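Beneath this line is the structure, given in structure tokens, with notes to follow.
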Amino acid sequence: MFKEYFKIAIKNLITRPMRSWLTILGIVIGVFLIMSLLSLSEGLKATVMQQLRGIGKDIVMIIPGDISDIFTTLIGGVELTEEDLKAIEKTKGVEVVIPFPYKGEVMKYQGDSKTVVLFGMDFKNASDVYRNDLAMDVAEGRWAQAGKRELLVGSAVPTNIFPGLKPGNQATIKGKQFEIVGVLKSLGNQQDDSMIGMDLDIFRQITGEKKGAPQAVAKIAPGFSPEEVAKDIEKNLLETVRRQRGSEERSFSVFTNEAMSGIVNSIMGVIQVAVFAFASIAIIVGGIGIMNTMYTSVHERTREIGILKAVGAKNSTITLIFLIESGIIGVVGGLGGIIPGLGLAKLIEFIGQVHPVFYIQASITPGIIIFGISFSFLVGCLSGFLPARGASKLKPVEALRYE
Amino acid sequence: MAARPLIKLENVWKIYQLGKVKIEVLRGISLEIAPGSFVVLLGPSGSGKSTLLYMIGLLDTPTKGKVYLEGQDTSNFSEDELAQIRGKKIGFIFQQFNLLPHLNALENVTIPMLFQGAPEKERKERAENLLGSVGLKDRITHRPFELSGGEQQRIAIARSLANNPEIIVADEPTGNLDSATGKKVMEILFDLHKEEKKTIIVVTHDPKIADYAEEIINIEDGELVENHLTGSRVVWREKK
């Protein structure tokens, strides 16, 4: 029976092609927006999570300030002091503390000058941690040695910043000559892949950065729980603050890798909900279009509904025929929106690869496609429900007499 | 009437309330229709005869009074139950033909069978036979707008017979047809009555149609004014 009702619905839609296509277009636009935005935000989340997965499980991140006020921390220049770093190091279970200082400086390479972000790296104590726990692997050349004027560069540097840069070449920063010794494998995002790493002590000398760092990472010794050590680190830091500065209020955010993943997950979740909510407005407008079309259709076909009822159609049959029609509009609109939507996401990903301004990946999974089709089908059915019910409630004799 | 009535109306009223005005379309009509009879409801325009036909065909419900089908009070039936009974036991023929414009002749005839759950093969075969029996075998793939009024009405007759109903109700079946085509349509109905013992109820304001009937019920101003047996069939009288 369903097959026959489906045929009737198709014939009804084909009879009014212009109206049907325009209604479908409304859904196409909505689904197009949802698909492209969802694909990109899902891709962004996947990229960030992949980076976090690259970081070892026994790594704890320490950032001064409250995480709820992260922007003040990042912009306001709140830093971990040398005392803070020592307090972290002294905490039981901490194997090594790695400060992460960075500064923008001009780097000269073969007559070309560009501003780059320099990272101070503790090659003396933490080379293994960088390589094993923070996924910083050398793709070309070798790892840098402590105390020497050697540079490790991110994977995007030879392609985007100084094209053709190779290990063995020289570069100048702040009037000092450095040798580029290695190019790192990609860390998964444009920002990290554009870094220039140098020995921590040399970094401090040439940049004049005082001791301390905007953030630090602690490697947890084997046999200790990262969660427990993270708590102890925070406690020690707060105690140090109390002892040394008396009443000054400071706070710290200490995360294990797992906690960081959770935070990223929830932030990305919020972004996705927001993206979805905005794109939903477009699809709601499309749904209202379906409703309008279906109401017009019921109005125009009042007499036909009367005929169907006269020859034995039940109310549920009439509802079903109209729901199939609106469902078809939804699904066709969904299919029409998914293809250009995901196409746009891929295009943005491609542009991101060519122009290193932003790096974003498009996530195209069967899940996202199934979601797109089912969501548009649902919108079609929901929008068609009231008109369909209205049609089924028509009294046969009144419908037959309708002119 | 000796046989148990197939259809019985008991003091049926239909009242429409239009604002403050009350319109009494049917005023206390009681009648019985025996199985296998050919009844004509005759009356002038606005007399309430079509409303009465819709009551008999279970397309409408009375404001007051009761309609019985095979002894069963239909006032307790739900909309879906009424639809089911209409589909199974009553075939409809309308003045405007009322075919579904997007469907071809064959599909129009299969629709009532679809609602009764008949399998596809059976639907198709029966629809082809019915269209053949009304002389439209070579028109089965045509859509209504490609056919003449007479052909459309014959499709409607075929559709009304789709589920082999016991009762055929026809509302001014010849009203939109020329005299010769109208005669053909009436003869098909008459044959159905004679050969297949169908109960035929026809509404008309045309006394010529009444000549086919065994029973004529005259209606005026929503009331039954005369109900008598005509005795024998009178052949179609051409216009002079």
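Each chain in the structure tokens gets a letter, A, B and so on, in the order shown; residues start at 1 in every chain, and ligands are counted from 1 in the order they appear.
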Output as number ranges by chain all residues of stretch 44-111 of chain B that backbone DSSP marks as strand (DSSP E or B).
B: 64-69, 72-73, 90-93
Produce a file of the selected residues containing N, CA and C atoms, as an mmCIF file, in the first residue's frame.
data_model
loop_
_atom_site.group_PDB
_atom_site.id
_atom_site.type_symbol
_atom_site.label_atom_id
_atom_site.label_comp_id
_atom_site.auth_asym_id
_atom_site.auth_seq_id
_atom_site.Cartn_x
_atom_site.Cartn_y
_atom_site.Cartn_z
ATOM 1 N N LYS B 64 -30.251 15.467 13.399
ATOM 2 C CA LYS B 64 -31.173 14.701 14.255
ATOM 3 C C LYS B 64 -31.619 13.489 13.455
ATOM 4 N N GLY B 65 -32.029 12.446 14.128
ATOM 5 C CA GLY B 65 -32.552 11.281 13.438
ATOM 6 C C GLY B 65 -31.480 10.233 13.189
ATOM 7 N N LYS B 66 -31.888 9.119 12.606
ATOM 8 C CA LYS B 66 -30.943 8.007 12.452
ATOM 9 C C LYS B 66 -30.942 7.439 11.044
ATOM 10 N N VAL B 67 -29.753 6.967 10.655
ATOM 11 C CA VAL B 67 -29.614 6.285 9.368
ATOM 12 C C VAL B 67 -29.168 4.856 9.667
ATOM 13 N N TYR B 68 -29.920 3.897 9.174
ATOM 14 C CA TYR B 68 -29.566 2.495 9.389
ATOM 15 C C TYR B 68 -29.106 1.884 8.080
ATOM 16 N N LEU B 69 -28.029 1.101 8.151
ATOM 17 C CA LEU B 69 -27.589 0.342 6.979
ATOM 18 C C LEU B 69 -27.610 -1.130 7.387
ATOM 19 N N GLN B 72 -28.155 -1.700 10.941
ATOM 20 C CA GLN B 72 -27.195 -1.148 11.918
ATOM 21 C C GLN B 72 -27.298 0.367 11.976
ATOM 22 N N ASP B 73 -27.368 0.887 13.186
ATOM 23 C CA ASP B 73 -27.423 2.336 13.368
ATOM 24 C C ASP B 73 -26.032 2.913 13.077
ATOM 25 N N ILE B 90 -20.644 0.968 -0.797
ATOM 26 C CA ILE B 90 -21.340 2.016 -1.541
ATOM 27 C C ILE B 90 -20.435 2.555 -2.649
ATOM 28 N N GLY B 91 -20.977 2.629 -3.851
ATOM 29 C CA GLY B 91 -20.236 3.237 -4.955
ATOM 30 C C GLY B 91 -20.866 4.599 -5.267
ATOM 31 N N PHE B 92 -20.011 5.589 -5.552
ATOM 32 C CA PHE B 92 -20.528 6.944 -5.799
ATOM 33 C C PHE B 92 -20.311 7.382 -7.245
ATOM 34 N N ILE B 93 -21.340 8.039 -7.774
ATOM 35 C CA ILE B 93 -21.218 8.666 -9.097
ATOM 36 C C ILE B 93 -21.707 10.109 -8.936
#
With only C-alpha atoms as the counted atoms, please give the residues lying no more than 9 Å from B:Asp80, apart from itself and same-chain residues fewer than 4 positions off, as an MDAnalysis selection string. (chainID A and resid 312:316) or (chainID B and resid 84:85)
Counting only C-alpha atoms, collect the residues of chain A whose closest atom lies at most 9 Å from chain B, and write them out as JSON, numbers by chain.
{"A": [1, 4, 8, 11, 12, 15, 303, 304, 307, 308, 309, 310, 311, 312, 313, 314, 315, 316, 317, 395, 396, 397, 398, 400]}
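Comparing B:Arg27, B:His205, B:Lys198, B:Lys20 by their smallest distance to B:Gly43, the closest is B:His205 (using only C-alpha atoms).
Candidate residues A:Glu83, A:Asp199, A:Glu179, A:Glu239 were compared for distance to A:Ser251, and the nearest is A:Glu239, using only C-alpha atoms.
The space between atom CA of B:Pro35 and atom CA of B:Thr63 spans 25.7 Å.
Using only C-alpha atoms, the shortest contact distance between A:Ile34 and any of A:Ile373, A:Ile202, A:Met291, A:Leu165 is found at A:Ile373.
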